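The next block holds one structure in the form of structure tokens; read it before the comments.
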Amino acid sequence: MELTSTGNERITGIVLAGGKSSRMGTDKALLLYKGMPLVTHAVSLLSQVCSKVIISANKTEYAFTGCEVFPDEFSINASMAGIWTALLHSITEWNLVLSCDMPLIDPGFMRSMLDRKAGYDVVVPVHEDGSLEPLCALYNKRVIDGLNRCLSEGQYSMRDFIMQSTYTLIHTGSSRPMFLNVNTEQDFILLNKS
């Protein structure tokens, strides 16, 4: 889906929708939240910040979003494979990744990541307990080779990869609730109460 350019720089939004949803028992990207599938929420959120949005997924069901869908080029169940594949297909230097199961993310927070990117390859949110949010983060295409090396060596931890990259952290503070991700039926119930 092509959108208008954001400022003077074009940014690609990448929706990660390639997970197996094994804990949910059904395709969580198609779960309805406020009348729309979660994948549509992710596309809508990224569209507010990015000049183009694409989807990383191993299914063709998401064509209804109007976005190009790219299947993983590594046949493993790891978000790293989806990020790497989408970066290969992106034509912009900077890419904002958002998992399809995080519909509460504030576009203003995503813009703050863009404001902090100078001099780094990765901009990633961090919580007070030190946990990172690599599936809601900003990646420069320069990381492609490093991701490819990790995938080839069977090292799939995004946290480990980021810690070895040129990165900066954005503290979430009281914003942590917007990072609720829907992995289980209980998470979905909690989301609908928010």
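In the structure tokens, the first chain shown is A, the next is B, and so on; residue numbers restart at 1 for each chain, and ligands run from 1 in the order shown.
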Original post:
Quick one: residues within 12 Å of Arg159 of chain A, only C-alpha atoms counted, chain neighbours fewer than 5 positions away excluded, as an NGL selection string?
Top reply: :A and (79-80 or 122 or 124-126 or 130-135 or 137 or 147 or 150 or 164-165 or 167 or 169)
Original post:
In chain A, what's strand (DSSP E or B) per DSSP? Answer as a PyMOL selection string?
Top reply: chain A and resi 2+6+9+11-16+32-33+36-37+52-56+68-70+94-99+122-126+132+136-140+167-171
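Coordinates place atom CA of Thr40 of chain A at a distance of 19.6 Å from atom CA of Ser90 of chain A.
Here the question is which of A:Leu30, A:Thr172, A:Leu88, A:Lys52 gets nearest to Met113 of chain A using only C-alpha atoms, and that residue is A:Thr172.
Distance annotation: of A:Leu104, A:Ala63, A:Ile162, A:Leu151, the residue with the minimal separation from Ser175 of chain A is A:Leu104; atom set is only C-alpha atoms.
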Original post:
Thr92 of chain A: which residues within 9 Å, counting only C-alpha atoms, same-chain residues fewer than 3 positions away excluded, as JSON, numbers by chain?
Top reply: {"A": [9, 10, 11, 12, 87, 95, 140, 141]}
Which residues are near segment 71-78 of chain A? Cut-off 7 Å, only C-alpha atoms, ignore same chain within fewer than 2 positions. Put them as a compact mmCIF listing (two decimals) with N, CA, C and O atoms, in the first residue's frame.
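So out-v7.txt came out as:
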# COMPACT_ATOMS: atom_id res chain seq x y z
N GLY A 19 3.26 -15.38 12.24
CA GLY A 19 3.30 -16.37 13.32
C GLY A 19 2.25 -17.45 13.15
O GLY A 19 1.28 -17.30 12.40
N SER A 56 4.60 -9.01 6.19
CA SER A 56 5.41 -10.21 6.22
C SER A 56 4.54 -11.35 6.75
O SER A 56 4.12 -11.34 7.90
N ALA A 57 4.22 -12.29 5.88
CA ALA A 57 3.32 -13.39 6.27
C ALA A 57 3.48 -14.55 5.29
O ALA A 57 3.87 -14.34 4.15
N ASN A 58 3.14 -15.73 5.75
CA ASN A 58 3.21 -16.91 4.90
C ASN A 58 1.83 -17.30 4.37
O ASN A 58 1.61 -18.43 3.96
N VAL A 69 2.17 -8.71 0.21
CA VAL A 69 2.45 -9.71 1.25
C VAL A 69 3.65 -10.54 0.79
O VAL A 69 3.66 -11.07 -0.33
N MET A 80 12.48 -13.19 13.35
CA MET A 80 13.67 -12.70 12.66
C MET A 80 13.58 -12.99 11.16
O MET A 80 13.98 -12.16 10.33
N ALA A 81 13.05 -14.15 10.78
CA ALA A 81 12.94 -14.51 9.37
C ALA A 81 11.99 -13.56 8.65
O ALA A 81 12.25 -13.14 7.51
N GLY A 82 10.89 -13.19 9.31
CA GLY A 82 9.94 -12.26 8.71
C GLY A 82 10.52 -10.88 8.55
O GLY A 82 10.32 -10.22 7.52
N THR A 85 13.17 -10.99 5.68
CA THR A 85 12.53 -11.08 4.37
C THR A 85 11.92 -9.74 3.97
O THR A 85 12.09 -9.28 2.83
N TYR A 156 18.25 -17.15 16.56
CA TYR A 156 17.02 -16.44 16.19
C TYR A 156 16.57 -15.40 17.21
O TYR A 156 15.50 -14.81 17.04
**OP:** Give me the residues within 12 Å of segment 107-110 of chain A as JSON, numbers by chain, counting only C-alpha atoms and dropping any in the same chain fewer than 6 places off.
**Re:** {"A": [11, 13, 41, 42, 43, 44, 45, 46, 47, 48, 49, 50, 95, 96, 97, 98, 116, 117, 123, 124, 125, 136, 137, 138, 170, 171, 172, 173, 175, 176, 178, 179]}
Can I get the selection written as a PDB file, in the first residue's frame, with C-alpha atoms?
ATOM      1  CA  ILE A  11       9.693   5.031   5.588  1.00  0.00           C
ATOM      2  CA  GLY A  13       6.030   0.033   7.576  1.00  0.00           C
ATOM      3  CA  HIS A  41      -5.313  -2.123  12.762  1.00  0.00           C
ATOM      4  CA  ALA A  42      -1.573  -2.636  12.271  1.00  0.00           C
ATOM      5  CA  VAL A  43      -1.734  -1.399   8.676  1.00  0.00           C
ATOM      6  CA  SER A  44      -3.760   1.630   9.784  1.00  0.00           C
ATOM      7  CA  LEU A  45      -1.320   2.515  12.586  1.00  0.00           C
ATOM      8  CA  LEU A  46       1.739   2.254  10.347  1.00  0.00           C
ATOM      9  CA  SER A  47      -0.015   4.226   7.606  1.00  0.00           C
ATOM     10  CA  GLN A  48      -0.092   7.229   9.931  1.00  0.00           C
ATOM     11  CA  VAL A  49       3.710   7.260  10.118  1.00  0.00           C
ATOM     12  CA  CYS A  50       5.038   5.469   7.025  1.00  0.00           C
ATOM     13  CA  ASN A  95      11.695   0.426   8.210  1.00  0.00           C
ATOM     14  CA  LEU A  96       9.237   0.465  11.076  1.00  0.00           C
ATOM     15  CA  VAL A  97       8.237  -3.033  12.202  1.00  0.00           C
ATOM     16  CA  LEU A  98       4.969  -3.674  14.034  1.00  0.00           C
ATOM     17  CA  ARG A 116      15.912   9.151  17.506  1.00  0.00           C
ATOM     18  CA  LYS A 117      17.330   7.166  14.568  1.00  0.00           C
ATOM     19  CA  VAL A 123      15.744   1.977  17.574  1.00  0.00           C
ATOM     20  CA  VAL A 124      13.872  -0.221  20.041  1.00  0.00           C
ATOM     21  CA  PRO A 125      11.529   0.407  22.997  1.00  0.00           C
ATOM     22  CA  CYS A 136       7.673  -2.686  17.476  1.00  0.00           C
ATOM     23  CA  ALA A 137      10.993  -1.186  16.452  1.00  0.00           C
ATOM     24  CA  LEU A 138      12.809   0.735  13.740  1.00  0.00           C
ATOM     25  CA  ILE A 170      13.508   4.406  23.922  1.00  0.00           C
ATOM     26  CA  HIS A 171      12.150   4.036  27.448  1.00  0.00           C
ATOM     27  CA  THR A 172       8.429   3.306  27.545  1.00  0.00           C
ATOM     28  CA  GLY A 173       7.832   4.444  31.133  1.00  0.00           C
ATOM     29  CA  SER A 175       3.352   3.687  28.163  1.00  0.00           C
ATOM     30  CA  ARG A 176       3.876  -0.043  28.717  1.00  0.00           C
ATOM     31  CA  MET A 178       0.043   0.053  24.846  1.00  0.00           C
ATOM     32  CA  PHE A 179       2.475  -2.808  24.156  1.00  0.00           C
TER      33      PHE A 179
END
Subject >> For Phe161 of chain A, the nearest of the candidates A:Met102, A:Ala17, A:Trp84, A:Leu32, counting only C-alpha atoms >> reply: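 Residue with the minimum atom-to-atom distance to Phe161 of chain A: A:Trp84.
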Subject >> Nearest residue to Ser99 of chain A from the set A:Lys193, A:His127, A:Lys28, A:Lys34 (distances using only C-alpha atoms) >> reply: A:Lys28
Subject >> Shortest interatomic distance to Asn183 of chain A - which of A:Glu68, A:Glu93, A:Glu61, A:Asp101, counting only C-alpha atoms >> reply: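 Checking each candidate against Asn183 of chain A, we get A:Asp101 as the closest.
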Subject >> Pick from A:Tyr139, A:Gly154, A:Ile144, A:Asp106 nearest to Leu180 of chain A, counting only C-alpha atoms >> reply: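 Result for the nearest residue to Leu180 of chain A: A:Asp106.
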Could you pull the residues within 12 Å of Asn192 of chain A, counting only C-alpha atoms, minus those fewer than 3 positions along the same chain, as an mmCIF file with N, CA and C atoms, in the first residue's frame?
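Result file follows (result-v6.cif):
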data_model
loop_
_atom_site.group_PDB
_atom_site.id
_atom_site.type_symbol
_atom_site.label_atom_id
_atom_site.label_comp_id
_atom_site.auth_asym_id
_atom_site.auth_seq_id
_atom_site.Cartn_x
_atom_site.Cartn_y
_atom_site.Cartn_z
ATOM 1 N N LEU A 31 -8.502 -11.796 13.967
ATOM 2 C CA LEU A 31 -9.433 -11.536 15.065
ATOM 3 C C LEU A 31 -9.951 -10.110 14.970
ATOM 4 N N LEU A 32 -11.238 -9.941 15.223
ATOM 5 C CA LEU A 32 -11.847 -8.613 15.125
ATOM 6 C C LEU A 32 -11.705 -7.845 16.432
ATOM 7 N N TYR A 33 -11.152 -6.659 16.338
ATOM 8 C CA TYR A 33 -11.054 -5.726 17.458
ATOM 9 C C TYR A 33 -11.657 -4.405 16.994
ATOM 10 N N LYS A 34 -12.689 -3.964 17.691
ATOM 11 C CA LYS A 34 -13.417 -2.753 17.295
ATOM 12 C C LYS A 34 -13.883 -2.845 15.840
ATOM 13 N N GLY A 35 -14.317 -4.045 15.464
ATOM 14 C CA GLY A 35 -14.917 -4.243 14.156
ATOM 15 C C GLY A 35 -13.947 -4.459 13.007
ATOM 16 N N LEU A 38 -7.185 -7.536 13.387
ATOM 17 C CA LEU A 38 -5.968 -6.969 13.983
ATOM 18 C C LEU A 38 -4.959 -6.557 12.918
ATOM 19 N N PRO A 103 -2.380 -3.730 18.775
ATOM 20 C CA PRO A 103 -3.227 -2.662 18.228
ATOM 21 C C PRO A 103 -3.319 -1.399 19.074
ATOM 22 N N LEU A 104 -2.685 -1.378 20.232
ATOM 23 C CA LEU A 104 -2.792 -0.202 21.103
ATOM 24 C C LEU A 104 -1.617 0.763 20.964
ATOM 25 N N LEU A 180 0.604 -4.160 24.934
ATOM 26 C CA LEU A 180 -0.120 -5.425 25.100
ATOM 27 C C LEU A 180 -0.165 -6.146 23.761
ATOM 28 N N ASN A 181 0.314 -7.388 23.752
ATOM 29 C CA ASN A 181 0.198 -8.158 22.516
ATOM 30 C C ASN A 181 -0.690 -9.372 22.756
ATOM 31 N N VAL A 182 -1.447 -9.700 21.739
ATOM 32 C CA VAL A 182 -2.506 -10.692 21.848
ATOM 33 C C VAL A 182 -1.969 -12.063 21.438
ATOM 34 N N GLU A 185 -6.281 -16.333 24.321
ATOM 35 C CA GLU A 185 -7.664 -15.866 24.452
ATOM 36 C C GLU A 185 -7.787 -14.879 25.601
ATOM 37 N N GLN A 186 -7.038 -15.109 26.685
ATOM 38 C CA GLN A 186 -7.080 -14.195 27.826
ATOM 39 C C GLN A 186 -6.553 -12.811 27.432
ATOM 40 N N ASP A 187 -5.506 -12.779 26.631
ATOM 41 C CA ASP A 187 -4.989 -11.494 26.142
ATOM 42 C C ASP A 187 -6.054 -10.767 25.325
ATOM 43 N N PHE A 188 -6.778 -11.517 24.505
ATOM 44 C CA PHE A 188 -7.801 -10.910 23.653
ATOM 45 C C PHE A 188 -8.943 -10.354 24.501
ATOM 46 N N ILE A 189 -9.297 -11.069 25.554
ATOM 47 C CA ILE A 189 -10.327 -10.577 26.485
ATOM 48 C C ILE A 189 -9.854 -9.279 27.143
#
